[in-house]
$ cat coords-v4.cif   # mmCIF, C-alpha atoms
data_work
#
loop_
_atom_site.label_atom_id
_atom_site.label_comp_id
_atom_site.auth_asym_id
_atom_site.auth_seq_id
_atom_site.Cartn_x
_atom_site.Cartn_y
_atom_site.Cartn_z
CA MET C 1 23.65 26.41 9.66
CA SER C 2 24.91 23.08 10.94
CA ASP C 3 22.04 23.07 13.46
CA LEU C 4 19.68 22.39 10.60
CA PHE C 5 21.23 19.00 10.02
CA VAL C 6 21.49 17.89 13.66
CA GLY C 7 19.82 14.50 13.97
CA THR C 8 19.60 14.03 10.21
CA ASP C 9 20.50 10.57 9.05
CA VAL C 10 20.58 8.79 5.73
CA TRP C 11 18.08 6.11 6.82
CA THR C 12 15.44 8.73 7.67
CA LEU C 13 16.02 10.52 4.35
CA CYS C 14 15.55 7.22 2.50
CA VAL C 15 12.29 6.62 4.39
CA ILE C 16 11.16 10.13 3.42
CA LEU C 17 11.96 9.42 -0.24
CA GLY C 18 10.00 6.18 0.10
CA LEU C 19 7.04 8.10 1.54
CA ALA C 20 7.18 10.47 -1.43
CA VAL C 21 6.97 7.46 -3.75
CA VAL C 22 4.04 6.19 -1.66
CA THR C 23 2.26 9.54 -2.21
CA VAL C 24 2.79 9.40 -5.98
CA VAL C 25 1.77 5.74 -6.26
CA SER C 26 -1.32 6.05 -4.05
CA ARG C 27 -2.59 9.27 -5.65
CA SER C 28 -2.03 8.02 -9.20
CA PHE C 29 -2.75 4.36 -8.52
CA PHE C 30 -5.30 3.89 -11.30
CA PHE C 31 -3.52 6.27 -13.68
CA ILE C 32 -0.35 4.24 -13.98
CA SER C 33 -1.74 1.84 -16.56
CA SER C 34 -4.15 3.04 -19.23
CA LYS C 35 -5.55 -0.47 -19.72
CA PRO C 36 -9.03 -0.93 -18.29
CA TRP C 37 -9.09 -3.14 -15.21
CA HIS C 38 -11.03 -3.64 -12.00
CA LEU C 39 -10.17 -4.20 -8.37
CA PRO C 40 -11.30 -7.50 -6.89
CA HIS C 41 -14.41 -6.98 -4.78
CA TRP C 42 -12.79 -7.84 -1.45
CA ALA C 43 -10.04 -5.29 -2.06
CA GLN C 44 -12.59 -2.62 -2.91
CA ARG C 45 -14.39 -3.34 0.37
CA GLY C 46 -11.11 -3.40 2.26
CA LEU C 47 -10.39 0.13 1.01
CA GLN C 48 -13.34 1.27 3.13
CA TYR C 49 -11.73 0.19 6.36
CA ALA C 50 -7.94 0.36 5.99
CA PRO C 51 -7.50 4.16 6.23
CA ILE C 52 -9.43 4.63 9.48
CA ALA C 53 -7.84 1.48 10.92
CA ALA C 54 -4.34 2.78 10.11
CA LEU C 55 -5.02 6.16 11.70
CA SER C 56 -6.53 4.58 14.79
CA ALA C 57 -3.60 2.18 15.18
CA VAL C 58 -1.18 5.12 15.14
CA VAL C 59 -3.28 7.51 17.23
CA LEU C 60 -4.60 5.46 20.16
CA PRO C 61 -1.21 4.30 21.51
CA GLU C 62 -0.02 7.93 21.34
CA ILE C 63 -2.91 8.90 23.64
CA VAL C 64 -3.07 6.07 26.20
CA MET C 65 0.56 4.87 26.43
CA THR C 66 3.78 6.31 27.79
CA GLN C 67 7.15 4.72 27.04
CA GLY C 68 5.43 1.56 25.84
CA GLN C 69 3.33 1.17 29.02
CA PHE C 70 -0.42 1.65 29.38
CA ILE C 71 -0.91 4.80 31.46
CA THR C 72 -1.89 4.19 35.08
CA SER C 73 -3.14 7.67 35.94
CA TRP C 74 -6.16 9.51 34.57
CA GLN C 75 -4.27 12.74 35.20
CA ASP C 76 -2.95 12.86 31.66
CA ALA C 77 -3.55 15.93 29.50
CA ARG C 78 -3.71 13.77 26.35
CA LEU C 79 -6.88 11.95 27.49
CA PHE C 80 -8.80 15.16 28.08
CA ALA C 81 -7.45 16.81 24.94
CA ALA C 82 -8.44 13.84 22.79
CA ALA C 83 -11.92 13.71 24.34
CA ALA C 84 -12.32 17.45 23.76
CA GLY C 85 -11.12 17.05 20.17
CA VAL C 86 -13.68 14.32 19.43
CA LEU C 87 -16.47 16.41 21.00
CA VAL C 88 -15.47 19.45 18.94
CA TYR C 89 -15.43 17.31 15.79
CA VAL C 90 -18.89 15.90 16.51
CA ALA C 91 -20.23 19.41 17.10
CA LYS C 92 -18.46 21.29 14.31
CA ARG C 93 -17.37 18.65 11.73
CA ASN C 94 -14.10 20.52 11.23
CA VAL C 95 -10.60 19.06 11.59
CA LEU C 96 -8.93 22.42 12.21
CA LEU C 97 -11.30 23.24 15.09
CA THR C 98 -10.66 19.74 16.46
CA ILE C 99 -6.94 20.53 16.69
CA LEU C 100 -7.51 23.98 18.19
CA GLY C 101 -10.11 22.70 20.69
CA GLY C 102 -7.91 19.79 21.72
CA MET C 103 -4.86 22.00 22.17
CA ALA C 104 -6.93 24.53 24.16
CA VAL C 105 -7.50 21.73 26.68
CA TYR C 106 -4.05 20.14 26.36
CA LEU C 107 -1.83 23.19 26.87
CA PRO C 108 -3.27 24.45 30.20
CA LEU C 109 -3.36 20.94 31.70
CA HIS C 110 0.13 20.10 30.40
CA LEU C 111 1.85 23.42 31.15
CA ALA C 112 0.04 24.59 34.30
CA LEU C 113 -0.68 21.27 36.03
CA GLY C 114 2.13 19.24 34.53
CA TRP C 115 -0.23 16.41 33.48
CA MET U 1 1.18 19.88 -12.94
CA PHE U 2 0.17 23.53 -13.08
CA PHE U 3 3.02 25.27 -14.88
CA LYS U 4 1.90 24.84 -18.49
CA PRO U 5 0.82 28.09 -20.23
CA LYS U 6 -2.13 26.38 -21.92
CA LEU U 7 -3.38 25.54 -18.44
CA PHE U 8 -2.66 28.67 -16.44
CA ARG U 9 -3.86 30.98 -19.24
CA HIS U 10 -7.15 29.08 -19.43
CA ALA U 11 -10.20 30.77 -17.87
CA GLU U 12 -10.94 27.65 -15.81
CA PHE U 13 -7.56 27.93 -14.07
CA LYS U 14 -8.71 31.12 -12.33
CA ILE U 15 -12.05 29.55 -11.44
CA GLY U 16 -10.27 26.61 -9.84
CA LEU U 17 -8.06 29.00 -7.93
CA PHE U 18 -10.95 31.16 -6.72
CA GLU U 19 -13.05 28.19 -5.67
CA LEU U 20 -10.22 26.87 -3.54
CA ALA U 21 -9.47 30.29 -1.99
CA PRO U 22 -12.06 30.04 0.84
CA GLN U 23 -10.42 26.75 1.89
CA ALA U 24 -6.89 28.16 1.78
CA PRO U 25 -6.76 29.46 5.40
CA GLY U 26 -7.70 26.01 6.67
CA VAL U 27 -5.10 24.35 4.45
CA ALA U 28 -2.50 26.86 5.60
CA ALA U 29 -3.29 26.35 9.29
CA TRP U 30 -3.05 22.59 8.93
CA GLY U 31 0.24 22.95 7.03
CA LEU U 32 1.59 25.26 9.73
CA MET U 33 0.67 22.74 12.40
CA THR U 34 2.23 19.89 10.46
CA GLY U 35 5.45 21.90 10.07
CA VAL U 36 5.60 22.59 13.81
CA ALA U 37 4.66 19.00 14.69
CA MET U 38 7.38 17.50 12.46
CA VAL U 39 10.17 19.43 14.16
CA LYS U 40 8.69 19.11 17.66
CA SER U 41 8.37 15.33 17.31
CA GLY U 42 12.11 15.04 16.93
CA MET U 43 12.87 15.26 13.20
CA SER U 44 15.72 17.53 12.12
CA VAL U 45 14.92 20.76 10.29
CA PHE U 46 16.50 19.42 7.11
CA GLU U 47 14.49 16.20 7.28
CA SER U 48 11.31 18.18 7.92
CA VAL U 49 11.93 20.43 4.90
CA VAL U 50 12.67 17.47 2.60
CA MET U 51 9.58 15.69 3.89
CA THR U 52 7.41 18.76 3.32
CA LEU U 53 8.66 19.37 -0.22
CA LEU U 54 8.54 15.76 -1.40
CA VAL U 55 5.90 13.84 0.51
CA PHE U 56 3.08 16.46 0.35
CA ALA U 57 0.57 14.36 2.29
CA GLY U 58 -0.14 15.72 5.77
CA SER U 59 -1.83 12.69 7.31
CA SER U 60 0.74 10.16 6.11
CA GLN U 61 3.57 12.52 7.19
CA LEU U 62 2.08 12.84 10.68
CA ALA U 63 1.44 9.10 10.94
CA ALA U 64 5.00 8.32 9.85
CA ILE U 65 6.72 10.63 12.33
CA PRO U 66 6.15 8.64 15.56
CA LEU U 67 7.25 5.49 13.68
CA ILE U 68 10.40 7.16 12.31
CA VAL U 69 11.26 8.51 15.76
CA ALA U 70 10.71 5.04 17.27
CA GLY U 71 13.03 3.52 14.68
CA ALA U 72 10.43 1.25 13.08
CA PRO U 73 11.59 -0.65 9.97
CA ALA U 74 11.13 1.19 6.69
CA TRP U 75 8.56 -1.25 5.30
CA VAL U 76 6.30 -0.79 8.32
CA ILE U 77 6.47 3.01 7.94
CA LEU U 78 5.82 2.85 4.19
CA ALA U 79 2.97 0.34 4.63
CA THR U 80 1.37 2.56 7.27
CA GLY U 81 1.77 5.60 5.01
CA PHE U 82 0.18 3.69 2.16
CA CYS U 83 -2.77 2.59 4.31
CA VAL U 84 -3.35 6.16 5.50
CA ASN U 85 -3.20 7.18 1.82
CA LEU U 86 -5.62 4.52 0.60
CA ARG U 87 -8.35 7.14 0.25
CA PHE U 88 -6.28 8.60 -2.59
CA VAL U 89 -6.37 5.23 -4.36
CA VAL U 90 -10.16 5.56 -4.30
CA PHE U 91 -9.88 9.15 -5.59
CA SER U 92 -7.64 8.00 -8.45
CA LEU U 93 -10.27 5.48 -9.52
CA HIS U 94 -12.80 8.34 -9.62
CA LEU U 95 -10.51 10.81 -11.45
CA ARG U 96 -9.26 8.27 -13.97
CA PRO U 97 -11.70 9.05 -16.83
CA TYR U 98 -10.98 12.79 -16.47
CA LEU U 99 -7.22 12.50 -16.91
CA ILE U 100 -6.43 9.16 -18.54
CA HIS U 101 -6.18 10.78 -22.02
CA LEU U 102 -2.99 12.59 -20.91
CA PRO U 103 0.50 11.10 -21.26
CA ARG U 104 1.38 8.93 -18.25
CA TRP U 105 3.91 11.36 -16.76
CA GLU U 106 1.48 14.30 -16.90
CA ARG U 107 -1.48 12.45 -15.45
CA MET U 108 0.66 11.05 -12.62
CA MET U 109 1.96 14.54 -11.80
CA HIS U 110 -1.60 15.88 -11.71
CA ALA U 111 -2.54 13.10 -9.33
CA TYR U 112 0.54 13.69 -7.17
CA VAL U 113 -0.47 17.28 -6.39
CA THR U 114 -4.21 16.63 -6.03
CA ALA U 115 -5.01 16.31 -2.34
CA ASP U 116 -8.35 15.96 -0.54
CA ILE U 117 -9.83 19.42 -1.02
CA SER U 118 -8.94 19.80 -4.71
CA TYR U 119 -10.44 16.38 -5.36
CA VAL U 120 -13.68 17.28 -3.56
CA LEU U 121 -14.03 20.64 -5.35
CA PHE U 122 -13.17 19.14 -8.75
CA THR U 123 -15.67 16.30 -8.56
CA ARG U 124 -18.30 18.69 -7.20
CA ARG U 125 -17.89 20.99 -10.25
CA PHE U 126 -17.53 18.29 -12.91
CA HIS U 127 -19.95 15.41 -12.53
CA GLN U 128 -18.97 13.93 -15.90
CA PRO U 129 -15.62 13.70 -17.68
CA GLY U 130 -15.45 16.02 -20.73
CA HIS U 131 -16.61 14.63 -24.07
CA THR U 132 -14.50 16.89 -26.28
CA PRO U 133 -10.80 17.80 -26.09
CA GLU U 134 -11.82 21.39 -25.20
CA GLN U 135 -13.91 20.22 -22.26
CA LEU U 136 -11.17 17.92 -21.06
CA LEU U 137 -8.64 20.76 -21.28
CA ALA U 138 -10.98 23.04 -19.32
CA GLN U 139 -11.30 20.42 -16.58
CA GLU U 140 -7.55 19.92 -16.50
CA ALA U 141 -7.05 23.70 -16.22
CA TYR U 142 -9.54 23.93 -13.35
CA LEU U 143 -7.77 21.14 -11.49
CA ALA U 144 -4.39 22.80 -12.12
CA GLY U 145 -5.63 26.13 -10.70
CA SER U 146 -7.09 24.47 -7.66
CA ASP U 147 -3.95 22.39 -7.10
CA ALA U 148 -1.63 25.38 -7.59
CA LEU U 149 -3.16 27.32 -4.71
CA ASN U 150 -3.57 24.26 -2.49
CA TRP U 151 0.02 23.12 -3.06
CA GLY U 152 1.49 26.62 -2.76
CA GLY U 153 -0.46 27.47 0.39
CA TRP U 154 0.43 24.17 2.04
CA MET U 155 4.14 24.48 1.21
CA VAL U 156 4.53 28.07 2.41
CA ALA U 157 2.61 27.37 5.63
CA SER U 158 4.53 24.16 6.39
CA LEU U 159 7.89 25.83 5.86
CA VAL U 160 6.84 28.74 8.10
CA GLY U 161 5.79 26.15 10.72
CA ILE U 162 9.20 24.45 10.53
CA ALA U 163 10.92 27.84 10.96
CA LEU U 164 8.71 28.82 13.91
CA ALA U 165 9.12 25.45 15.61
CA ASN U 166 12.71 26.34 16.51
CA PHE U 167 11.48 29.11 18.77
CA ILE U 168 8.98 26.93 20.64
CA PRO U 169 10.26 24.86 23.59
CA LEU U 170 9.83 21.09 23.23
CA ALA U 171 8.29 20.93 26.72
CA TRP U 172 5.15 22.65 25.47
CA GLY U 173 4.25 19.41 23.76
CA LEU U 174 3.05 21.02 20.53
CA GLY U 175 3.82 17.79 18.68
CA PHE U 176 0.55 16.57 20.17
CA ALA U 177 -1.23 18.85 17.68
CA GLY U 178 -0.19 16.35 15.02
CA ILE U 179 -1.94 13.53 16.89
CA LEU U 180 -5.06 15.69 17.30
CA CYS U 181 -4.97 16.37 13.58
CA LEU U 182 -4.91 12.62 12.83
CA LEU U 183 -7.71 12.18 15.37
CA GLY U 184 -9.77 14.79 13.52
CA ILE U 185 -9.23 13.05 10.17
CA GLN U 186 -10.09 9.76 11.86
CA CYS U 187 -13.39 11.26 13.04
CA SER U 188 -14.10 12.56 9.52
CA LEU U 189 -13.65 9.03 8.16
CA ALA U 190 -16.01 7.50 10.74
CA SER U 191 -18.95 7.73 8.35
CA SER U 192 -20.52 4.33 9.04
CA ARG U 193 -20.95 1.93 11.93
CA MET U 194 -18.60 -0.59 10.37
CA ARG U 195 -15.87 2.02 9.99
CA ILE U 196 -16.25 2.88 13.69
CA VAL U 197 -15.87 -0.84 14.46
CA ALA U 198 -12.70 -0.90 12.32
CA SER U 199 -11.38 2.11 14.18
CA VAL U 200 -12.05 0.71 17.66
CA VAL U 201 -10.67 -2.75 16.80
CA ALA U 202 -7.50 -1.30 15.25
CA GLY U 203 -6.89 1.09 18.14
CA VAL U 204 -7.34 -1.52 20.86
CA ALA U 205 -5.28 -4.08 18.91
CA ALA U 206 -2.46 -1.57 18.43
CA VAL U 207 -2.34 -0.93 22.19
CA LEU U 208 -2.57 -4.63 23.17
CA ALA U 209 0.06 -5.67 20.62
CA TYR U 210 2.32 -2.74 21.46
CA ALA U 211 5.05 -5.02 22.80
CA LEU U 212 5.58 -6.55 19.35
CA PRO U 213 8.95 -5.62 17.89
CA LEU U 214 9.45 -3.33 14.87
CA LYS U 215 6.16 -1.47 15.44
CA LEU U 216 4.43 -4.48 13.93
CA ASN U 217 1.47 -3.72 16.21
CA ILE U 218 0.36 -1.16 13.59
CA VAL U 219 0.34 -3.72 10.77
CA VAL U 220 -1.33 -6.37 12.94
CA ALA U 221 -3.98 -3.88 14.02
CA ILE U 222 -4.82 -2.80 10.46
CA ALA U 223 -4.96 -6.37 9.19
CA LEU U 224 -7.11 -7.53 12.11
CA ALA U 225 -9.57 -4.64 11.74
CA VAL U 226 -9.94 -5.05 7.96
CA ILE U 227 -10.33 -8.84 8.11
CA LEU U 228 -12.83 -8.60 10.97
CA CYS U 229 -14.92 -5.97 9.17
CA LEU U 230 -14.91 -7.88 5.87
CA THR U 231 -16.08 -10.95 7.82
CA LEU U 232 -18.76 -9.01 9.73
CA GLU U 233 -20.05 -7.61 6.43
CA ARG U 234 -20.91 -11.11 5.30
CA LEU U 235 -23.15 -11.71 8.31
CA PRO U 236 -26.81 -10.97 7.50
CA LEU U 237 -27.10 -9.00 10.73
CA THR U 238 -24.81 -6.22 9.58
CA SER U 239 -25.72 -6.12 5.93
CA ALA U 240 -27.96 -3.13 6.61
CA ASN U 241 -24.88 -1.16 7.65
CA ARG U 242 -23.06 -1.86 4.44
CA GLU U 243 -21.94 1.25 2.65
CA GLN U 244 -23.19 1.99 -0.82
CA THR U 245 -20.03 2.64 -2.76
#
$ encode --input "coords-v4.cif" --output "structure tokens"
Amino acid sequence: MSDLFVGTDVWTLCVILGLAVVTVVSRSFFFISSKPWHLPHWAQRGLQYAPIAALSAVVLPEIVMTQGQFITSWQDARLFAAAAGVLVYVAKRNVLLTILGGMAVYLPLHLALGW
Amino acid sequence: MFFKPKLFRHAEFKIGLFELAPQAPGVAAWGLMTGVAMVKSGMSVFESVVMTLLVFAGSSQLAAIPLIVAGAPAWVILATGFCVNLRFVVFSLHLRPYLIHLPRWERMMHAYVTADISYVLFTRRFHQPGHTPEQLLAQEAYLAGSDALNWGGWMVASLVGIALANFIPLAWGLGFAGILCLLGIQCSLASSRMRIVASVVAGVAAVLAYALPLKLNIVVAIALAVILCLTLERLPLTSANREQT
């Protein structure tokens, strides 16, 4: 049983609790107060761009960097998997197929060729 | 929430449940992947279970994991999670007139368990908020049914994923499925030219600013992309690309 807790620390649990609060606050943002009110226009426009920017800022370094360094070789399974994933999305418009298509490219390159 | 008899005995509850059913395999597969990805990215099983049960937001969970593993400061992780979740803020604005008549605790709990698919199905079925208490109750029951299956399916699948992850060697690199999942969601959000600009700017900025301490590159990248796009919007050249929202 103790295996289950290996690597668990209080800081991470606090961050997880914080993320749960973030879920509640973001999903119920306009439910919290029952008074009528409006977002300022710039904030409403900003809402259009922040989600995709946040995802991109997390995702791209995970694809093109290793240990904080820009990769120097094109022989990296992640590049091909990500490209395949984007192509599958464009063709099928389905996130699940994007994951499966990307992994279908990633696993052989990563496991068989060691990329 | 979905455990009130007046909701789950309502005819609309079943309709909500049945309309979500075709989506359930997709939700389950994504949950399974998220479960595996959490453990394979280096979180403990206990942390992964707590995260699954409490956070209930796949994309913000997956975005938070690399930051948690890298030891980023809590505020950066929470700010990133919030930014990834900003689409829900937009949903809450849309759902407000449907649920605002409920007591605060109840309407916040409804919102907490309403994720992307339930929102899409709900707003597709009900174009207008109900005018009578009966109509409003019917809408609430539909949402509860839809949420019940979505939440249940996601939880079971994620927990199964966490359990399975222990039998999969780390060297297989299955954690990368989480990144591909975020990439897929990113593609689904790329619905206008300006959003693609935001995506490219944020990605490149996050790589260039990677050396910043405390994972601040993420915050810098988001801020830069949003400010740049808001500025570009004001130029007459790009006004044709402006989204109608």
$ atom_distance --input "coords-v4.cif" --atom1 "atom CA of Trp154 of chain U" --atom2 "atom CA of Trp30 of chain U"
7.9 Å
$ interface_residues --input "coords-v4.cif" --of "chain U" --to "chain C" --cutoff "7 Å" --atoms "only C-alpha atoms" --output "VMD selection string"
chain U and resid 26 30 44 to 47 51 54 to 55 57 63 74 78 80 to 89 92 to 93 96 100 104 107 to 108 111 to 112 172 177 179 to 187 189 195 198 to 199 202 to 203 206 to 207 210 218 221 to 222 225 to 226 230
$ write_last_selection --input "coords-v4.cif" --atoms "C-alpha atoms" --output "PDB file, in the frame of the given file"
ATOM      1  CA  GLY U  26      -7.700  26.010   6.670  1.00  0.00           C
ATOM      2  CA  TRP U  30      -3.050  22.590   8.930  1.00  0.00           C
ATOM      3  CA  SER U  44      15.720  17.530  12.120  1.00  0.00           C
ATOM      4  CA  VAL U  45      14.920  20.760  10.290  1.00  0.00           C
ATOM      5  CA  PHE U  46      16.500  19.420   7.110  1.00  0.00           C
ATOM      6  CA  GLU U  47      14.490  16.200   7.280  1.00  0.00           C
ATOM      7  CA  MET U  51       9.580  15.690   3.890  1.00  0.00           C
ATOM      8  CA  LEU U  54       8.540  15.760  -1.400  1.00  0.00           C
ATOM      9  CA  VAL U  55       5.900  13.840   0.510  1.00  0.00           C
ATOM     10  CA  ALA U  57       0.570  14.360   2.290  1.00  0.00           C
ATOM     11  CA  ALA U  63       1.440   9.100  10.940  1.00  0.00           C
ATOM     12  CA  ALA U  74      11.130   1.190   6.690  1.00  0.00           C
ATOM     13  CA  LEU U  78       5.820   2.850   4.190  1.00  0.00           C
ATOM     14  CA  THR U  80       1.370   2.560   7.270  1.00  0.00           C
ATOM     15  CA  GLY U  81       1.770   5.600   5.010  1.00  0.00           C
ATOM     16  CA  PHE U  82       0.180   3.690   2.160  1.00  0.00           C
ATOM     17  CA  CYS U  83      -2.770   2.590   4.310  1.00  0.00           C
ATOM     18  CA  VAL U  84      -3.350   6.160   5.500  1.00  0.00           C
ATOM     19  CA  ASN U  85      -3.200   7.180   1.820  1.00  0.00           C
ATOM     20  CA  LEU U  86      -5.620   4.520   0.600  1.00  0.00           C
ATOM     21  CA  ARG U  87      -8.350   7.140   0.250  1.00  0.00           C
ATOM     22  CA  PHE U  88      -6.280   8.600  -2.590  1.00  0.00           C
ATOM     23  CA  VAL U  89      -6.370   5.230  -4.360  1.00  0.00           C
ATOM     24  CA  SER U  92      -7.640   8.000  -8.450  1.00  0.00           C
ATOM     25  CA  LEU U  93     -10.270   5.480  -9.520  1.00  0.00           C
ATOM     26  CA  ARG U  96      -9.260   8.270 -13.970  1.00  0.00           C
ATOM     27  CA  ILE U 100      -6.430   9.160 -18.540  1.00  0.00           C
ATOM     28  CA  ARG U 104       1.380   8.930 -18.250  1.00  0.00           C
ATOM     29  CA  ARG U 107      -1.480  12.450 -15.450  1.00  0.00           C
ATOM     30  CA  MET U 108       0.660  11.050 -12.620  1.00  0.00           C
ATOM     31  CA  ALA U 111      -2.540  13.100  -9.330  1.00  0.00           C
ATOM     32  CA  TYR U 112       0.540  13.690  -7.170  1.00  0.00           C
ATOM     33  CA  TRP U 172       5.150  22.650  25.470  1.00  0.00           C
ATOM     34  CA  ALA U 177      -1.230  18.850  17.680  1.00  0.00           C
ATOM     35  CA  ILE U 179      -1.940  13.530  16.890  1.00  0.00           C
ATOM     36  CA  LEU U 180      -5.060  15.690  17.300  1.00  0.00           C
ATOM     37  CA  CYS U 181      -4.970  16.370  13.580  1.00  0.00           C
ATOM     38  CA  LEU U 182      -4.910  12.620  12.830  1.00  0.00           C
ATOM     39  CA  LEU U 183      -7.710  12.180  15.370  1.00  0.00           C
ATOM     40  CA  GLY U 184      -9.770  14.790  13.520  1.00  0.00           C
ATOM     41  CA  ILE U 185      -9.230  13.050  10.170  1.00  0.00           C
ATOM     42  CA  GLN U 186     -10.090   9.760  11.860  1.00  0.00           C
ATOM     43  CA  CYS U 187     -13.390  11.260  13.040  1.00  0.00           C
ATOM     44  CA  LEU U 189     -13.650   9.030   8.160  1.00  0.00           C
ATOM     45  CA  ARG U 195     -15.870   2.020   9.990  1.00  0.00           C
ATOM     46  CA  ALA U 198     -12.700  -0.900  12.320  1.00  0.00           C
ATOM     47  CA  SER U 199     -11.380   2.110  14.180  1.00  0.00           C
ATOM     48  CA  ALA U 202      -7.500  -1.300  15.250  1.00  0.00           C
ATOM     49  CA  GLY U 203      -6.890   1.090  18.140  1.00  0.00           C
ATOM     50  CA  ALA U 206      -2.460  -1.570  18.430  1.00  0.00           C
ATOM     51  CA  VAL U 207      -2.340  -0.930  22.190  1.00  0.00           C
ATOM     52  CA  TYR U 210       2.320  -2.740  21.460  1.00  0.00           C
ATOM     53  CA  ILE U 218       0.360  -1.160  13.590  1.00  0.00           C
ATOM     54  CA  ALA U 221      -3.980  -3.880  14.020  1.00  0.00           C
ATOM     55  CA  ILE U 222      -4.820  -2.800  10.460  1.00  0.00           C
ATOM     56  CA  ALA U 225      -9.570  -4.640  11.740  1.00  0.00           C
ATOM     57  CA  VAL U 226      -9.940  -5.050   7.960  1.00  0.00           C
ATOM     58  CA  LEU U 230     -14.910  -7.880   5.870  1.00  0.00           C
TER      59      LEU U 230
END
$ resolve_selection --input "coords-v4.cif" --expression "the PyMOL selection byres ((chain U and resi 41) around 12)" --output "compact mmCIF listing (two decimals) with C-alpha atoms, in the frame of the given file"
# COMPACT_ATOMS: atom_id res chain seq x y z
CA GLY C 7 19.82 14.50 13.97
CA GLU C 62 -0.02 7.93 21.34
CA MET U 33 0.67 22.74 12.40
CA THR U 34 2.23 19.89 10.46
CA GLY U 35 5.45 21.90 10.07
CA VAL U 36 5.60 22.59 13.81
CA ALA U 37 4.66 19.00 14.69
CA MET U 38 7.38 17.50 12.46
CA VAL U 39 10.17 19.43 14.16
CA LYS U 40 8.69 19.11 17.66
CA GLY U 42 12.11 15.04 16.93
CA MET U 43 12.87 15.26 13.20
CA SER U 44 15.72 17.53 12.12
CA VAL U 45 14.92 20.76 10.29
CA GLU U 47 14.49 16.20 7.28
CA SER U 48 11.31 18.18 7.92
CA GLN U 61 3.57 12.52 7.19
CA LEU U 62 2.08 12.84 10.68
CA ALA U 63 1.44 9.10 10.94
CA ALA U 64 5.00 8.32 9.85
CA ILE U 65 6.72 10.63 12.33
CA PRO U 66 6.15 8.64 15.56
CA LEU U 67 7.25 5.49 13.68
CA ILE U 68 10.40 7.16 12.31
CA VAL U 69 11.26 8.51 15.76
CA ALA U 70 10.71 5.04 17.27
CA ILE U 162 9.20 24.45 10.53
CA ALA U 165 9.12 25.45 15.61
CA ASN U 166 12.71 26.34 16.51
CA PRO U 169 10.26 24.86 23.59
CA LEU U 170 9.83 21.09 23.23
CA ALA U 171 8.29 20.93 26.72
CA TRP U 172 5.15 22.65 25.47
CA GLY U 173 4.25 19.41 23.76
CA LEU U 174 3.05 21.02 20.53
CA GLY U 175 3.82 17.79 18.68
CA PHE U 176 0.55 16.57 20.17
CA ALA U 177 -1.23 18.85 17.68
CA GLY U 178 -0.19 16.35 15.02
CA ILE U 179 -1.94 13.53 16.89
$ closest_residue --input "coords-v4.cif" --among "U:Ala29, U:Thr123, U:Gln23, U:Ser60" --to "Ile77 of chain U" --atoms "only C-alpha atoms"
U:Ser60
$ atom_distance --input "coords-v4.cif" --atom1 "atom CA of Gly153 of chain U" --atom2 "atom CA of Leu20 of chain U"
10.5 Å
$ closest_residue --input "coords-v4.cif" --among "U:Met155, U:Arg234, U:His10, U:Ala205" --to "Val220 of chain U" --atoms "all atoms listed in the file"
U:Ala205
$ decode --input "coords-v4.cif" --residues "segment 197-224 of chain U" --atoms "C-alpha atoms" --output "CSV table (one decimal), in the first residue's frame"
chain,number,residue,atom,x,y,z
U,197,VAL,CA,-1.5,33.9,-34.3
U,198,ALA,CA,-2.0,33.7,-30.6
U,199,SER,CA,-1.1,30.1,-30.5
U,200,VAL,CA,2.1,30.5,-32.6
U,201,VAL,CA,3.2,33.6,-30.6
U,202,ALA,CA,2.6,31.9,-27.3
U,203,GLY,CA,4.4,28.7,-28.3
U,204,VAL,CA,7.5,30.5,-29.7
U,205,ALA,CA,7.6,32.8,-26.7
U,206,ALA,CA,7.4,30.0,-24.3
U,207,VAL,CA,10.4,28.2,-26.0
U,208,LEU,CA,12.5,31.4,-26.3
U,209,ALA,CA,11.8,32.5,-22.7
U,210,TYR,CA,12.3,28.9,-21.4
U,211,ALA,CA,15.3,30.0,-19.3
U,212,LEU,CA,13.2,32.2,-17.1
U,213,PRO,CA,13.0,30.9,-13.6
U,214,LEU,CA,9.8,29.6,-12.0
U,215,LYS,CA,8.3,28.5,-15.3
U,216,LEU,CA,7.5,32.2,-15.8
U,217,ASN,CA,7.9,31.6,-19.6
U,218,ILE,CA,4.3,30.3,-19.6
U,219,VAL,CA,2.9,33.4,-18.1
U,220,VAL,CA,5.0,35.7,-20.3
U,221,ALA,CA,4.0,33.7,-23.4
U,222,ILE,CA,0.2,34.0,-22.6
U,223,ALA,CA,0.5,37.7,-21.7
U,224,LEU,CA,2.5,38.5,-24.9
